[in-house]
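Participant: One structure follows; several queries about it will come next.
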Amino acid sequence: MDVEPIKLGLVGIGKIARDQHLPAIAGNDRFVLAATASRQGRVDGVPGYYDIAEMASACPLDAVSICTPPDGRYQQALAAIEAGLHVMLEKPPATTLSQVEALVEAARAADVALFTTWHSREAAGVGPARAWLADKRIEAVRIDWKEDIRRWHPGQEWILGPGGFGVFDPGINALSITTSILPNELCVESATMDVPAGRASPIAASVQMRSAGADVRAEFDFLQTGPQTWSIEVDTDHGTLRLTEGGSVIQRPGEKEQTDLDLEYARLYERFAHLVAERAIDVDLRPLRLVADTFLIADRRSVSEFLF
Ligand code: NAP
């Protein structure tokens with residue numbers, strides 16, 4: 001039996017929409033890109049609208065995938081749910097925990113799918129890391145997520161604004177991986193955050209966490225020049241497992257590094273198609289909760305002004 005493709009609206013045509021979402025949608029025959037909603041961004045050959053309300057009233061749609069910055073996403077997702085559309089959200093899913101909980105409630109009431117994605121969990125090394133760690137004793141974890149904001153986020157002023165997450169915009173990817181590979185829950189014990197003068201969100205942070213008996217230390221830095229580092233090292237009773245390159249490369253003790261095809265966004269859209277068919281909800285708040293806990297507990301240090 002032929003099943004109609006899901007008519008999708010893509011919202012927020014910026015860097016990640018162009019780099020990852022457009023190719024992943026084009027490569028999945030369960031979806032057809034029916035429209036876009038973005039104040040300025042347009043995709044050639046696809047009807048473009050200013051926002052979700054305009055798009056939903058002009059164009060028959062089944063679902064939206066939202067790639068705007070996190071601040072404002074809650075209102076956009078709620079508008080889509082209230083229009084009866086299934087919703088997929090880029091990470092971080094919203095700026096507060098309570099907004100995501102309200103979206104879950106609204107999606108249940110409207111009987112639509114809701115998917116808060118964590119793309120880094122789909123990186124090639126993450127599933128194998130989780131499987132290898134499952135029966136090991138975890139002794140210590142070191143997370144180093146250090147990148148150059150000017151290189152990867154040029155001109156993205158929103159990222160250091162309120163609800164922009166600062167260095168936790170990429171850093172939440174490390175937390176999404178760590179929460180998915182460790183067998184025990186993580187909790188935040190202490191933290192420091194460096195906030196540039198005149199900005200709302202941190203440009204660097206250190207977070208001390210615990211997972212059962214294991215110390216988990218995380219260093220996040222947005223001012224890293226030279227080699228860029230997105231690595232997680234897990235010491236166990238059977239040696240140290242290393243995930244590097246954002247989770248795409250794995251090295252188990254005594255083995256060579258291994259990697260595989262980059263299927264992060266292909267997997268997210270495959271999962272979304274499944275959730276739409278089931279009208280199901282896939283929401284894991286743990287990475288966002290760890291960031292929220294860090295913001296609650298952190299010792300904030302004011303550092304010098306930052307200009308892009
Ligand atoms: P971006 O390049 O700034 O694109 C976001 C787009 O959203 C903008 O082009 C803008 O298009 C629209 N938008 C709507 N409201 C906005 C507002 N108040 N301020 C700024 N833009 C607004 O950002 P991005 O890098 O694609 O990141 C978007 C989301 O994807 C973030 O949550 C980020 O964490 C996530 N993400 C990014 C990457 C990456 O490598 N960049 C990777 C994975 C996930 P219009 O002006 O046309 O409305």
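By order in the structure tokens, chains are A, B, ...; within a chain, residues start at 1; ligands start at 1, following the order shown.
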I'd like the neighbourhood of A:Leu263 as a count of residues only, where a residue qualifies if any of its atoms comes within 8 Å (using only C-alpha atoms), though same-chain residues fewer than 5 positions away should be ignored.
Facilitator: 3
Participant: In stretch 146-281 of chain A, what's helix (DSSP H, G or I) per DSSP? Answer as a PyMOL selection string?
Facilitator: chain A and resi 149-152+157-160+168-181+245-247+264-278
Participant: Keeping only N, CA and C atoms, take the residues you just selected and write them out as a short mmCIF file (atom, residue, chain, number, x, y, z; two decimals), in the first residue's frame.
Facilitator:
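Output saved as again-v7.cif:
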data_model
loop_
_atom_site.label_atom_id
_atom_site.label_comp_id
_atom_site.auth_asym_id
_atom_site.auth_seq_id
_atom_site.Cartn_x
_atom_site.Cartn_y
_atom_site.Cartn_z
N ILE A 149 33.97 30.40 18.56
CA ILE A 149 32.65 30.96 18.24
C ILE A 149 32.69 31.75 16.93
N ARG A 150 33.81 32.42 16.68
CA ARG A 150 33.88 33.27 15.47
C ARG A 150 33.92 32.42 14.21
N ARG A 151 34.45 31.23 14.32
CA ARG A 151 34.55 30.34 13.16
C ARG A 151 33.23 29.61 12.88
N TRP A 152 32.57 29.15 13.93
CA TRP A 152 31.39 28.28 13.77
C TRP A 152 30.08 29.03 13.87
N GLU A 157 24.57 36.77 16.95
CA GLU A 157 24.47 37.55 18.19
C GLU A 157 23.52 36.88 19.19
N TRP A 158 22.48 36.22 18.69
CA TRP A 158 21.48 35.61 19.58
C TRP A 158 22.10 34.61 20.55
N ILE A 159 23.23 34.01 20.14
CA ILE A 159 23.78 32.90 20.93
C ILE A 159 24.28 33.39 22.30
N LEU A 160 24.70 34.66 22.40
CA LEU A 160 25.16 35.20 23.69
C LEU A 160 24.07 36.03 24.37
N PHE A 168 26.85 26.79 25.90
CA PHE A 168 26.04 25.57 26.01
C PHE A 168 25.20 25.31 24.77
N ASP A 169 25.20 26.22 23.79
CA ASP A 169 24.52 25.90 22.53
C ASP A 169 25.21 24.69 21.88
N PRO A 170 26.55 24.72 21.68
CA PRO A 170 27.20 23.46 21.30
C PRO A 170 27.38 22.51 22.48
N GLY A 171 27.62 23.07 23.68
CA GLY A 171 27.93 22.22 24.84
C GLY A 171 26.81 21.25 25.20
N ILE A 172 25.58 21.62 24.91
CA ILE A 172 24.47 20.72 25.25
C ILE A 172 24.56 19.44 24.42
N ASN A 173 25.28 19.50 23.29
CA ASN A 173 25.49 18.27 22.51
C ASN A 173 26.30 17.26 23.32
N ALA A 174 27.33 17.76 24.02
CA ALA A 174 28.15 16.86 24.85
C ALA A 174 27.28 16.24 25.94
N LEU A 175 26.40 17.05 26.52
CA LEU A 175 25.54 16.54 27.60
C LEU A 175 24.51 15.56 27.03
N SER A 176 24.07 15.79 25.80
CA SER A 176 23.11 14.84 25.20
C SER A 176 23.79 13.49 24.98
N ILE A 177 25.07 13.52 24.57
CA ILE A 177 25.79 12.24 24.38
C ILE A 177 26.02 11.57 25.73
N THR A 178 26.53 12.36 26.69
CA THR A 178 26.91 11.77 27.97
C THR A 178 25.71 11.14 28.68
N THR A 179 24.56 11.85 28.65
CA THR A 179 23.38 11.27 29.29
C THR A 179 22.92 10.01 28.57
N SER A 180 23.27 9.87 27.31
CA SER A 180 22.78 8.68 26.59
C SER A 180 23.76 7.51 26.68
N ILE A 181 25.04 7.75 27.00
CA ILE A 181 25.98 6.61 27.04
C ILE A 181 26.26 6.09 28.44
N GLU A 245 35.63 14.13 17.92
CA GLU A 245 34.93 14.71 16.75
C GLU A 245 33.41 14.71 16.96
N GLY A 246 33.00 15.12 18.15
CA GLY A 246 31.56 15.25 18.42
C GLY A 246 30.83 13.94 18.51
N GLY A 247 31.56 12.86 18.77
CA GLY A 247 30.90 11.55 18.92
C GLY A 247 30.99 10.71 17.65
N GLU A 264 23.62 11.53 11.05
CA GLU A 264 22.89 12.12 12.17
C GLU A 264 21.49 12.59 11.76
N TYR A 265 21.42 13.44 10.76
CA TYR A 265 20.11 14.03 10.41
C TYR A 265 19.25 13.05 9.62
N ALA A 266 19.87 12.15 8.86
CA ALA A 266 19.09 11.11 8.17
C ALA A 266 18.34 10.29 9.22
N ARG A 267 19.04 9.97 10.31
CA ARG A 267 18.40 9.16 11.37
C ARG A 267 17.29 9.95 12.07
N LEU A 268 17.53 11.25 12.29
CA LEU A 268 16.49 12.06 12.96
C LEU A 268 15.20 12.08 12.13
N TYR A 269 15.33 12.27 10.81
CA TYR A 269 14.11 12.32 9.99
C TYR A 269 13.44 10.95 9.88
N GLU A 270 14.26 9.89 9.88
CA GLU A 270 13.68 8.54 9.88
C GLU A 270 12.84 8.35 11.14
N ARG A 271 13.39 8.77 12.27
CA ARG A 271 12.68 8.63 13.55
C ARG A 271 11.43 9.50 13.57
N PHE A 272 11.54 10.72 13.02
CA PHE A 272 10.37 11.62 13.01
C PHE A 272 9.24 10.99 12.18
N ALA A 273 9.59 10.40 11.03
CA ALA A 273 8.55 9.76 10.19
C ALA A 273 7.82 8.68 11.01
N HIS A 274 8.58 7.93 11.78
CA HIS A 274 8.00 6.88 12.62
C HIS A 274 7.09 7.49 13.70
N LEU A 275 7.56 8.55 14.34
CA LEU A 275 6.75 9.20 15.39
C LEU A 275 5.47 9.78 14.82
N VAL A 276 5.55 10.36 13.61
CA VAL A 276 4.35 10.92 12.96
C VAL A 276 3.34 9.80 12.72
N ALA A 277 3.82 8.68 12.21
CA ALA A 277 2.91 7.55 11.94
C ALA A 277 2.21 7.09 13.22
N GLU A 278 2.93 7.15 14.33
CA GLU A 278 2.38 6.68 15.61
C GLU A 278 1.73 7.79 16.42
#
Participant: With a distance cut-off of 12 Å and only C-alpha atoms, select the neighbouring residues of A:Ser211, excluding the residue or stretch itself and same-chain residues fewer than 5 positions from it, and output the selection as a list in words.
Facilitator: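 Neighbouring residues, sequence-local ones excluded: Arg137, Ile138, Glu139, Ala140, Val141, Thr178, Thr179, Ile181, Leu182, Pro183, Asn184, Glu185, Leu186, Cys187, Val188, Glu189, Val216, Arg217 and Val234 of chain A.
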Participant: Run DSSP on the backbone and give me the residues of stretch 31-235 of chain A it puts in strand (DSSP E), as a PyMOL selection string.
Facilitator: chain A and resi 31-37+48-49+63-66+86-89+114-116+138-146+186-196+204-211+214-221+229-235
Participant: Given the choices A:Arg73, A:Ala80, A:Pro93, A:Gln40, which gets closest to A:Arg289 if the distance is worked out from only C-alpha atoms?
Facilitator: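 Among A:Arg73, A:Ala80, A:Pro93, A:Gln40, it is A:Pro93 that comes nearest to A:Arg289.
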Participant: Compute the set of protein, DNA and RNA residues whose minimum atom distance to ligand 1 is at most 6 Å, using only C-alpha atoms and all ligand atoms, and state it as a list in words.
Facilitator: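 Residues satisfying the distance criterion: Gly12, Ile13, Gly14, Lys15, Ile16, Ala17, Ser38, Arg39, Gln40, Gly41, Cys67, Thr68, Pro69, Pro70, Glu90, Lys91, Pro92, Gln156, Trp158 and Asp169 of chain A.
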Participant: Pull N, CA, C and O atoms from the residues just selected and write them as a PDB file, in the first residue's frame.
Facilitator:
ATOM      1  N   GLY A  12      12.749  28.549   9.866  1.00  0.00           N
ATOM      2  CA  GLY A  12      14.044  29.125  10.259  1.00  0.00           C
ATOM      3  C   GLY A  12      15.126  28.692   9.288  1.00  0.00           C
ATOM      4  O   GLY A  12      15.886  27.754   9.560  1.00  0.00           O
ATOM      5  N   ILE A  13      15.188  29.352   8.150  1.00  0.00           N
ATOM      6  CA  ILE A  13      16.138  28.930   7.106  1.00  0.00           C
ATOM      7  C   ILE A  13      17.477  29.629   7.357  1.00  0.00           C
ATOM      8  O   ILE A  13      17.754  30.703   6.823  1.00  0.00           O
ATOM      9  N   GLY A  14      18.270  29.013   8.209  1.00  0.00           N
ATOM     10  CA  GLY A  14      19.607  29.530   8.538  1.00  0.00           C
ATOM     11  C   GLY A  14      20.642  28.451   8.286  1.00  0.00           C
ATOM     12  O   GLY A  14      20.452  27.590   7.415  1.00  0.00           O
ATOM     13  N   LYS A  15      21.732  28.474   9.073  1.00  0.00           N
ATOM     14  CA  LYS A  15      22.868  27.594   8.817  1.00  0.00           C
ATOM     15  C   LYS A  15      22.495  26.111   8.890  1.00  0.00           C
ATOM     16  O   LYS A  15      22.740  25.357   7.952  1.00  0.00           O
ATOM     17  N   ILE A  16      21.863  25.705  10.002  1.00  0.00           N
ATOM     18  CA  ILE A  16      21.635  24.261  10.157  1.00  0.00           C
ATOM     19  C   ILE A  16      20.541  23.763   9.214  1.00  0.00           C
ATOM     20  O   ILE A  16      20.587  22.621   8.733  1.00  0.00           O
ATOM     21  N   ALA A  17      19.559  24.624   8.918  1.00  0.00           N
ATOM     22  CA  ALA A  17      18.521  24.229   7.959  1.00  0.00           C
ATOM     23  C   ALA A  17      19.160  23.916   6.605  1.00  0.00           C
ATOM     24  O   ALA A  17      18.850  22.895   5.983  1.00  0.00           O
ATOM     25  N   SER A  38      10.241  31.626   7.208  1.00  0.00           N
ATOM     26  CA  SER A  38      11.440  32.319   7.667  1.00  0.00           C
ATOM     27  C   SER A  38      11.268  33.776   7.289  1.00  0.00           C
ATOM     28  O   SER A  38      10.697  34.080   6.239  1.00  0.00           O
ATOM     29  N   ARG A  39      11.761  34.682   8.129  1.00  0.00           N
ATOM     30  CA  ARG A  39      11.535  36.094   7.858  1.00  0.00           C
ATOM     31  C   ARG A  39      12.240  36.514   6.573  1.00  0.00           C
ATOM     32  O   ARG A  39      11.687  37.275   5.779  1.00  0.00           O
ATOM     33  N   GLN A  40      13.446  35.988   6.360  1.00  0.00           N
ATOM     34  CA  GLN A  40      14.200  36.364   5.149  1.00  0.00           C
ATOM     35  C   GLN A  40      14.611  35.162   4.317  1.00  0.00           C
ATOM     36  O   GLN A  40      14.649  35.250   3.094  1.00  0.00           O
ATOM     37  N   GLY A  41      14.962  34.056   4.973  1.00  0.00           N
ATOM     38  CA  GLY A  41      15.503  32.898   4.263  1.00  0.00           C
ATOM     39  C   GLY A  41      14.469  32.271   3.341  1.00  0.00           C
ATOM     40  O   GLY A  41      13.296  32.132   3.703  1.00  0.00           O
ATOM     41  N   CYS A  67      13.913  25.087  13.087  1.00  0.00           N
ATOM     42  CA  CYS A  67      15.378  25.276  13.179  1.00  0.00           C
ATOM     43  C   CYS A  67      15.741  26.714  13.511  1.00  0.00           C
ATOM     44  O   CYS A  67      16.844  27.162  13.155  1.00  0.00           O
ATOM     45  N   THR A  68      14.874  27.451  14.140  1.00  0.00           N
ATOM     46  CA  THR A  68      15.184  28.820  14.567  1.00  0.00           C
ATOM     47  C   THR A  68      16.053  28.752  15.830  1.00  0.00           C
ATOM     48  O   THR A  68      16.217  27.679  16.413  1.00  0.00           O
ATOM     49  N   PRO A  69      16.604  29.878  16.292  1.00  0.00           N
ATOM     50  CA  PRO A  69      17.276  29.856  17.601  1.00  0.00           C
ATOM     51  C   PRO A  69      16.284  29.468  18.701  1.00  0.00           C
ATOM     52  O   PRO A  69      15.069  29.625  18.526  1.00  0.00           O
ATOM     53  N   PRO A  70      16.799  28.956  19.836  1.00  0.00           N
ATOM     54  CA  PRO A  70      15.884  28.436  20.862  1.00  0.00           C
ATOM     55  C   PRO A  70      14.904  29.471  21.432  1.00  0.00           C
ATOM     56  O   PRO A  70      13.755  29.128  21.737  1.00  0.00           O
ATOM     57  N   GLU A  90      14.780  21.383  16.637  1.00  0.00           N
ATOM     58  CA  GLU A  90      16.235  21.344  16.775  1.00  0.00           C
ATOM     59  C   GLU A  90      16.573  21.411  18.269  1.00  0.00           C
ATOM     60  O   GLU A  90      15.755  21.781  19.103  1.00  0.00           O
ATOM     61  N   LYS A  91      17.819  21.096  18.596  1.00  0.00           N
ATOM     62  CA  LYS A  91      18.272  21.265  19.969  1.00  0.00           C
ATOM     63  C   LYS A  91      18.738  22.699  20.149  1.00  0.00           C
ATOM     64  O   LYS A  91      19.163  23.312  19.156  1.00  0.00           O
ATOM     65  N   PRO A  92      18.740  23.248  21.352  1.00  0.00           N
ATOM     66  CA  PRO A  92      17.977  22.820  22.531  1.00  0.00           C
ATOM     67  C   PRO A  92      16.492  23.068  22.261  1.00  0.00           C
ATOM     68  O   PRO A  92      16.165  24.036  21.570  1.00  0.00           O
ATOM     69  N   GLN A 156      26.296  35.326  14.923  1.00  0.00           N
ATOM     70  CA  GLN A 156      25.075  34.840  15.585  1.00  0.00           C
ATOM     71  C   GLN A 156      24.956  35.506  16.969  1.00  0.00           C
ATOM     72  O   GLN A 156      25.197  34.887  18.002  1.00  0.00           O
ATOM     73  N   TRP A 158      22.476  36.217  18.692  1.00  0.00           N
ATOM     74  CA  TRP A 158      21.482  35.610  19.577  1.00  0.00           C
ATOM     75  C   TRP A 158      22.103  34.613  20.547  1.00  0.00           C
ATOM     76  O   TRP A 158      21.607  34.402  21.651  1.00  0.00           O
ATOM     77  N   ASP A 169      25.202  26.222  23.791  1.00  0.00           N
ATOM     78  CA  ASP A 169      24.518  25.896  22.529  1.00  0.00           C
ATOM     79  C   ASP A 169      25.207  24.687  21.884  1.00  0.00           C
ATOM     80  O   ASP A 169      24.553  23.675  21.633  1.00  0.00           O
TER      81      ASP A 169
END
Participant: Which residues, written as a VMD selection string, have at least one atom at most 8 Å from A:Ile66, with only C-alpha atoms counted and residues fewer than 4 positions away on the same chain left out?
Facilitator: chain A and resid 10 to 12 73 76 to 77 87 to 90
Participant: One decimal, in Å: what's the spacing between atom CA of A:Ile232 and atom CA of A:Arg142?
Facilitator: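 It comes out at 5.7 Å.
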